[in-house]
file start.tsv (TSV, C-alpha atoms)
chain	number	residue	atom	x	y	z
Q	1	ALA	CA	50.66	-52.66	-27.84
Q	2	ASN	CA	48.27	-55.32	-26.50
Q	3	HIS	CA	49.76	-57.69	-29.14
Q	4	PRO	CA	53.54	-57.18	-28.68
Q	5	GLY	CA	54.72	-59.20	-31.70
Q	6	LEU	CA	52.21	-57.59	-34.04
Q	7	PHE	CA	52.95	-54.17	-32.58
Q	8	ASP	CA	56.67	-54.54	-33.28
Q	9	ARG	CA	56.08	-55.67	-36.87
Q	10	VAL	CA	53.71	-52.78	-37.62
Q	11	ARG	CA	55.85	-50.22	-35.80
Q	12	HIS	CA	58.93	-51.21	-37.81
Q	13	LEU	CA	57.30	-50.84	-41.23
Q	14	PRO	CA	59.06	-48.14	-43.34
Q	15	TRP	CA	56.64	-45.36	-42.30
Q	16	ARG	CA	58.98	-42.53	-43.39
Q	17	GLU	CA	58.78	-43.79	-46.98
Q	18	ILE	CA	54.98	-44.16	-46.99
Q	19	THR	CA	52.96	-41.24	-48.37
Q	20	LEU	CA	50.52	-39.30	-46.23
Q	21	ASP	CA	46.86	-40.27	-46.78
Q	22	HIS	CA	45.14	-37.71	-44.57
Q	23	HIS	CA	46.05	-34.55	-42.66
Q	24	GLU	CA	43.77	-32.62	-40.33
Q	25	ARG	CA	44.25	-29.59	-38.07
Q	26	THR	CA	41.68	-28.62	-35.42
Q	27	ARG	CA	41.41	-26.08	-32.62
Q	28	ALA	CA	39.16	-27.01	-29.68
Q	29	HIS	CA	39.21	-27.59	-25.93
Q	30	HIS	CA	42.00	-25.03	-25.35
Q	31	ARG	CA	44.40	-26.82	-27.69
Q	32	THR	CA	45.41	-27.21	-31.29
Q	33	GLU	CA	45.70	-30.70	-32.71
Q	34	ILE	CA	47.25	-32.03	-35.91
Q	35	ARG	CA	46.45	-35.58	-36.97
Q	36	ARG	CA	48.28	-37.38	-39.76
Q	37	LEU	CA	47.28	-40.76	-41.16
Q	38	LYS	CA	49.34	-43.14	-43.29
Q	39	THR	CA	48.15	-46.51	-44.58
Q	40	THR	CA	49.97	-49.38	-46.21
Q	41	ALA	CA	48.98	-52.79	-47.51
Q	42	PHE	CA	51.03	-55.81	-46.49
Q	43	ALA	CA	51.16	-59.54	-46.90
Q	44	HIS	CA	53.65	-60.60	-44.24
Q	45	LEU	CA	52.22	-59.75	-40.81
Q	46	ASP	CA	50.77	-63.21	-40.09
Q	47	TYR	CA	47.62	-61.85	-38.47
Q	48	PRO	CA	44.18	-63.24	-39.41
Q	49	ASP	CA	42.29	-61.17	-42.00
Q	50	ALA	CA	44.56	-58.11	-41.65
Q	51	ARG	CA	44.96	-56.31	-44.96
Q	52	GLN	CA	46.30	-52.86	-44.07
Q	53	ALA	CA	48.37	-51.23	-41.36
Q	54	LEU	CA	47.75	-47.64	-40.29
Q	55	GLN	CA	49.86	-45.10	-38.46
Q	56	VAL	CA	48.20	-42.12	-36.80
Q	57	VAL	CA	50.44	-39.34	-35.46
Q	58	ARG	CA	48.76	-36.79	-33.20
Q	59	TRP	CA	50.42	-33.51	-32.27
Q	60	ARG	CA	48.62	-31.65	-29.47
Q	61	LYS	CA	49.58	-28.27	-28.08
Q	62	ASP	CA	47.79	-27.01	-25.01
Q	63	PHE	CA	47.17	-23.24	-25.12
Q	64	THR	CA	47.14	-22.80	-21.34
Q	65	THR	CA	50.34	-24.70	-20.49
Q	66	GLY	CA	52.17	-24.56	-23.83
Q	67	LYS	CA	52.84	-28.30	-23.50
Q	68	LEU	CA	53.34	-30.23	-26.77
Q	69	THR	CA	52.41	-33.92	-26.85
Q	70	ILE	CA	53.21	-36.22	-29.77
Q	71	GLU	CA	51.53	-39.62	-29.89
Q	72	ARG	CA	51.95	-42.41	-32.46
Q	73	VAL	CA	49.24	-45.04	-32.73
Q	74	TYR	CA	49.38	-48.14	-34.92
Q	75	LEU	CA	46.28	-49.97	-36.10
Q	76	ILE	CA	45.37	-52.79	-38.47
Q	77	THR	CA	42.24	-53.28	-40.51
Q	78	SER	CA	40.69	-56.02	-42.60
Q	79	LEU	CA	39.61	-53.47	-45.24
Q	80	PRO	CA	41.37	-54.04	-48.55
Q	81	PRO	CA	43.31	-51.08	-49.99
Q	82	GLY	CA	41.15	-48.61	-51.89
Q	83	VAL	CA	37.87	-49.43	-50.13
Q	84	ALA	CA	38.03	-46.36	-47.89
Q	85	THR	CA	39.80	-43.02	-48.28
Q	86	GLY	CA	42.20	-41.62	-45.72
Q	87	SER	CA	39.60	-39.12	-44.52
Q	88	GLN	CA	37.02	-41.91	-44.05
Q	89	LEU	CA	39.48	-44.01	-42.05
Q	90	ALA	CA	40.39	-40.99	-39.91
Q	91	ALA	CA	36.69	-40.29	-39.22
Q	92	TRP	CA	36.09	-43.92	-38.24
Q	93	ILE	CA	39.08	-43.89	-35.89
Q	94	ARG	CA	37.88	-40.69	-34.20
Q	95	GLY	CA	34.34	-42.11	-34.00
Q	96	HIS	CA	35.65	-45.21	-32.22
Q	97	TRP	CA	37.26	-43.07	-29.52
Q	98	LYS	CA	34.06	-41.07	-29.12
Q	99	ILE	CA	32.22	-44.32	-28.33
Q	100	GLU	CA	34.98	-45.39	-25.92
Q	101	ASN	CA	34.87	-42.03	-24.14
Q	102	LEU	CA	31.08	-42.13	-23.81
Q	103	LEU	CA	31.23	-45.66	-22.39
Q	104	HIS	CA	33.88	-44.62	-19.87
Q	105	HIS	CA	31.76	-41.59	-18.91
Q	106	VAL	CA	28.73	-43.79	-18.17
Q	107	ARG	CA	30.76	-46.33	-16.22
Q	108	ASP	CA	32.48	-43.64	-14.18
Q	109	ARG	CA	29.49	-41.34	-13.57
Q	110	THR	CA	26.80	-43.98	-13.07
Q	111	PHE	CA	28.79	-46.74	-11.38
Q	112	ARG	CA	31.62	-44.54	-9.99
Q	113	GLU	CA	34.12	-47.05	-11.36
Q	114	ASP	CA	37.13	-44.74	-10.95
Q	115	ASP	CA	36.38	-44.34	-7.24
Q	116	SER	CA	36.54	-48.09	-6.61
Q	117	LYS	CA	39.11	-49.30	-4.07
Q	118	ILE	CA	39.16	-52.76	-5.67
Q	119	HIS	CA	42.43	-53.12	-7.61
Q	120	ILE	CA	43.56	-56.73	-7.09
Q	121	GLY	CA	43.37	-59.70	-9.44
Q	122	ARG	CA	40.15	-60.16	-11.42
Q	123	LEU	CA	37.93	-58.28	-8.99
Q	124	PRO	CA	37.91	-54.97	-10.94
Q	125	ARG	CA	36.63	-56.71	-14.09
Q	126	THR	CA	34.06	-58.63	-12.05
Q	127	MET	CA	32.81	-55.44	-10.44
Q	128	ALA	CA	32.66	-53.64	-13.80
call {"tool": "encode", "arguments": {"input": "start.tsv", "output": "structure tokens"}}
result
Amino acid sequence: ANHPGLFDRVRHLPWREITLDHHERTRAHHRTEIRRLKTTAFAHLDYPDARQALQVVRWRKDFTTGKLTIERVYLITSLPPGVATGSQLAAWIRGHWKIENLLHHVRDRTFREDDSKIHIGRLPRTMA
């Protein structure tokens, strides 16, 4: 949602009519998780080099609390249709979050970023 206009255009694509490209169910970390991936090609989003839109729906159920969380994520890619399978795209998406989580871990554990009392203006980014 960091690009509101693009987000609205991708979110309002006819996702219900688009076939499922990948489905995965895992059990780990005291929860079960189902991830579903749909992809579609488009020519009308007016975004540089974008060739496909993706929708990832994640269903997570925590075993300890019984809480169910459903999350929808929309992405775009410059990959033309047919270059990567749904399972490859899903693996790349999960790999991206692994890198993000590792980076956050280093910044929080080494630099104690989350403990910072600096929350105003551009100072947090400067300190990071």
call {"tool": "closest_residue", "arguments": {"input": "start.tsv", "among": "Q:Tyr74, Q:Trp92, Q:Tyr47, Q:Phe63", "to": "Arg31 of chain Q", "atoms": "all atoms listed in the file"}}
result
Q:Phe63
call {"tool": "closest_residue", "arguments": {"input": "start.tsv", "among": "Q:Ala84, Q:Thr26, Q:Arg72, Q:Leu6", "to": "Gln55 of chain Q", "atoms": "only C-alpha atoms"}}
result
Q:Arg72
call {"tool": "atom_distance", "arguments": {"input": "start.tsv", "atom1": "atom CA of Ile18 of chain Q", "atom2": "atom CA of Ala50 of chain Q"}}
result
18.2 Å
call {"tool": "closest_residue", "arguments": {"input": "start.tsv", "among": "Q:His12, Q:Ala90, Q:Lys67, Q:Pro4", "to": "His30 of chain Q", "atoms": "all atoms listed in the file"}}
result
Q:Lys67
call {"tool": "atom_distance", "arguments": {"input": "start.tsv", "atom1": "atom CA of Asp62 of chain Q", "atom2": "atom CA of Phe7 of chain Q"}}
result
28.7 Å
call {"tool": "closest_residue", "arguments": {"input": "start.tsv", "among": "Q:Ala41, Q:Ile70, Q:Ile93, Q:Ile34", "to": "Val10 of chain Q", "atoms": "all atoms listed in the file"}}
result
Q:Ala41
call {"tool": "residues_around", "arguments": {"input": "start.tsv", "residues": "Arg35 of chain Q", "least_positions_apart": "4", "cutoff": "7 Å", "atoms": "all atoms listed in the file", "output": "list in words"}}
result
His23, Glu24, Arg25, Val56, Val57, Arg58 and Trp59 of chain Q
call {"tool": "atom_distance", "arguments": {"input": "start.tsv", "atom1": "atom CA of Leu45 of chain Q", "atom2": "atom CA of His3 of chain Q"}}
result
12.1 Å
call {"tool": "closest_residue", "arguments": {"input": "start.tsv", "among": "Q:Pro14, Q:Gly121, Q:Gly66, Q:Gly86", "to": "Thr32 of chain Q", "atoms": "all atoms listed in the file"}}
result
Q:Gly66
call {"tool": "residues_around", "arguments": {"input": "start.tsv", "residues": "Ser87 of chain Q", "least_positions_apart": "2", "cutoff": "8 Å", "atoms": "only C-alpha atoms", "output": "PyMOL selection string"}}
result
chain Q and resi 21-22+85+89-91
call {"tool": "closest_residue", "arguments": {"input": "start.tsv", "among": "Q:Arg122, Q:Leu20, Q:Leu75, Q:Ala43", "to": "Asn2 of chain Q", "atoms": "only C-alpha atoms"}}
result
Q:Leu75
call {"tool": "residues_around", "arguments": {"input": "start.tsv", "residues": "Gln52 of chain Q", "least_positions_apart": "3", "cutoff": "8 Å", "atoms": "only C-alpha atoms", "output": "list in words"}}
result
Thr39, Thr40, Ala41, Phe42, Ile76, Thr77, Ser78, Leu79, Pro80 and Pro81 of chain Q
